[in-house]
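**Q** Provided herewith is a single structure, encoded as structure tokens, for subsequent inquiry.
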Amino acid sequence: MIPDTSFAAAVQERSGEKLAACYQCLKCTAGCPLSSHMDLKPNAILRMIQYGQRERVLKSHAIWFCVSCMTCGVRCPNDIDISVVMDTLREMAIEEGYAYAAEKRVVQLHEEFVRSVKLWGRLHEVTFYMAYMARSLDIIASIPSGLALMARGKLPFLPKRIKGGKQIKRLFKEAYKTKGQLEEEA
Amino acid sequence: MAEYSFYPGCTAHSTGLEYNLSLHAVAHALGIELKEIDDWNCCGGAAARSISNLLGLALPARNIAKAQECDLPLVIPCPGCFNATRRAQYALINDPEMRERLEEVVEFKYKPGLEIVSMHQVFLEPDVLDRLAESVNRPLRGLKIASYYGCALVRHPEIVQMGDYENPVFFDRLVELLGGEPIDWSYKTDCCGADLAMTHGKIAAEIADNIVAGAIEAGADCLMASCGLCQVNLDMRQTGKEQKKLPTFYFTELMGVALNLPKQSQWWGMHIVSPKPLLRATRLLRRGGRS
Ligand code: SF4
Ligand code: SF4
């Protein structure tokens, strides 16, 4: 069977990373702090892209587990920055409607974070946590840590809006032009 | 008197409150003036770039636009914000297509030449170091400190330009200067996993415990961090199940201790794992009414 090369070409084009240079040395996976929790390890992601496994890659947990720590990128003997490839894959997963498939909560958390920034210009932790908890119903995990921080006076209760609110809105509008699935709308 | 424009970042008034308080106290003591840039916005953190590459660059680009107006080098204390802003600057310099796009979206014109530095670089300037060496009046004698650099401050080297990214030592040099004992260990640039802390607390706890275990094994009795996310993550997520808990200082707090600055107890009250017992044991806890 001849693999579908259009996916690899698209990822390569958008990320600007030379995926074909990967010779599967596994250095990326060996150093990745999250690889033991990933369903597809970083090196496997690269191989699957080359095999044209669009759906399996874009539906993977791994792309949302990557925390952009760049360990892989600085160690790859072929100079492939997988953190940048992961950015591209996350964008594609959102655009093609796969984003909620594997790691709904991570996506929701990111969405609520940027929603807070869109609203106030800065992150307001308390309302951001509350919005995330309301959507994800992920309450038990977040409340104790939130309370611990609040008790130490570290979470201001009321948000303040910056002056350049209009500018921020515009910036979001542009960035979301191509986005499909997300609840967040421009 | 050295002058900088200053980008506090969102954690300055929340999880990294004691970082913000202590860095201002230290800067003041060393004669460094920090001028907050007007109407700054959030850099987007990990979330913005996870959702849209353009958004992840445009948010910090707006702060670059604001900083350009002041004509001073820009200092960014949070490594996460520092990294995001340097990434945006890197794109503005090296990717003409993206620059055009960012200039259009943010409605500004990029002026080359803005210097963007991290907080520690301000304190490690040669003349500041001289002043610091003269002003240390409470050397951190007996304190075994594992400097934790994390990811955003040192990687990607092309973007942050911070030298050795596998075995950085700039914080260890600072510890020496403050009279403490720097601990050589293997986890200094490992990621703390903070981005997954909210959604996958167990994984974040496992990563934090591993890092703390590495520090204990190397003989450290505390960690020293420079990031409002790393610090709170290590401080809060370590479970202490298999090992003792280690306090996690901001490097500016330990500078404050060595300079014997006032109001330290306010910082200690914001920690989850209190550093007070360790400071008491090493006779570094500042006493007196208004400590
Ligand atoms: S380190 Fe680079 S070459 Fe090696 S497997 Fe990973 S991506 Fe491929
Ligand atoms: S950037 Fe992502 S894939 Fe690479 S080492 Fe870090 S977590 Fe793993």
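In the structure tokens, the first chain shown is A, the next is B, and so on; residue numbers restart at 1 for each chain, and ligands run from 1 in the order shown.
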When you get a sec, could you note down which chain A residues fall within 8 Å of chain B, using only C-alpha atoms, as a PyMOL selection string?
**A** chain A and resi 33+65+67-71+73-74+87-88+90-91+94+105-106+109-111+113-114+117+121-125+138+141-142+145+148-149+152-156+162-164+167-168+170-172+174-176
**Q** With a distance cut-off of 6 Å and only C-alpha atoms, select the neighbouring residues of region 246-263 of chain B, excluding the residue or stretch itself and same-chain residues fewer than 5 positions from it, and output the selection as a list in words.
**A** Ser22, Leu23, Val26, Val136, Asn137, Arg138, Pro139, Cys222, Leu223, Met224, Ala225, Ser226, Asp235, Val273, Pro275 and Ser291 of chain B
**Q** Which of region 32-205 of chain B counts as strand (DSSP E or B) under DSSP, as a list of chain:residue names please?
**A**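 These are the residues in question: B:Ile32, B:Glu33, B:Leu34, B:Lys35, B:Glu36, B:Leu74, B:Val75, B:Ile76, B:Ile116, B:Val117, B:Ser118, B:Lys144, B:Ile145, B:Ala146, B:Ser147, B:Glu181, B:Pro182.
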**Q** Could you tell me how far CA of Met162 (chain B) sits from CA of Asn83 (chain B), in Å to one decimal place?
**A**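 CA of Met162 (chain B) lies 11.0 Å from CA of Asn83 (chain B).
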**Q** Hey, which residues come within 12 Å of ligand 1 if we count only C-alpha atoms and all ligand atoms? Could you give them as a PyMOL selection string?
**A** chain A and resi 17-32+35+41-50+70-86
**Q** Figure out the distance between CA of Trp64 (chain A) and CA of Val107 (chain A), please, to one decimal in Å.
**A**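 For CA of Val107 (chain A) relative to CA of Trp64 (chain A), the distance reads 7.6 Å.
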**Q** What parts of region 109-248 of chain B does DSSP call helix (DSSP H, G or I)? I'd like the answer as a PyMOL selection string.
**A** chain B and resi 119-123+126-135+157-160+170-177+194-196+201-217+228-237
**Q** At a cut-off of 6 Å, using only C-alpha atoms, what residues contact region 109-121 of chain B? Leave out same-chain residues fewer than 4 positions from it and give the result as a PDB file with N, CA, C and O atoms, in the first residue's frame.
**A**
ATOM      1  N   PRO B  73      15.778  48.737  27.827  1.00  0.00           N
ATOM      2  CA  PRO B  73      15.734  47.279  27.742  1.00  0.00           C
ATOM      3  C   PRO B  73      14.560  46.757  28.571  1.00  0.00           C
ATOM      4  O   PRO B  73      14.222  47.318  29.610  1.00  0.00           O
ATOM      5  N   LEU B  74      13.938  45.701  28.069  1.00  0.00           N
ATOM      6  CA  LEU B  74      12.750  45.155  28.735  1.00  0.00           C
ATOM      7  C   LEU B  74      13.133  43.944  29.564  1.00  0.00           C
ATOM      8  O   LEU B  74      13.745  43.007  29.054  1.00  0.00           O
ATOM      9  N   VAL B  75      12.761  43.968  30.840  1.00  0.00           N
ATOM     10  CA  VAL B  75      13.034  42.792  31.677  1.00  0.00           C
ATOM     11  C   VAL B  75      11.733  42.063  31.994  1.00  0.00           C
ATOM     12  O   VAL B  75      10.714  42.676  32.301  1.00  0.00           O
ATOM     13  N   ILE B  76      11.787  40.729  31.842  1.00  0.00           N
ATOM     14  CA  ILE B  76      10.613  39.891  32.063  1.00  0.00           C
ATOM     15  C   ILE B  76      10.973  38.814  33.091  1.00  0.00           C
ATOM     16  O   ILE B  76      11.744  37.918  32.799  1.00  0.00           O
ATOM     17  N   PRO B  77      10.439  38.934  34.306  1.00  0.00           N
ATOM     18  CA  PRO B  77      10.855  38.004  35.365  1.00  0.00           C
ATOM     19  C   PRO B  77      10.355  36.572  35.177  1.00  0.00           C
ATOM     20  O   PRO B  77      11.032  35.644  35.585  1.00  0.00           O
ATOM     21  N   GLU B 103       2.410  42.646  12.487  1.00  0.00           N
ATOM     22  CA  GLU B 103       2.289  44.110  12.478  1.00  0.00           C
ATOM     23  C   GLU B 103       0.875  44.540  12.124  1.00  0.00           C
ATOM     24  O   GLU B 103       0.348  45.507  12.670  1.00  0.00           O
TER      25      GLU B 103
END
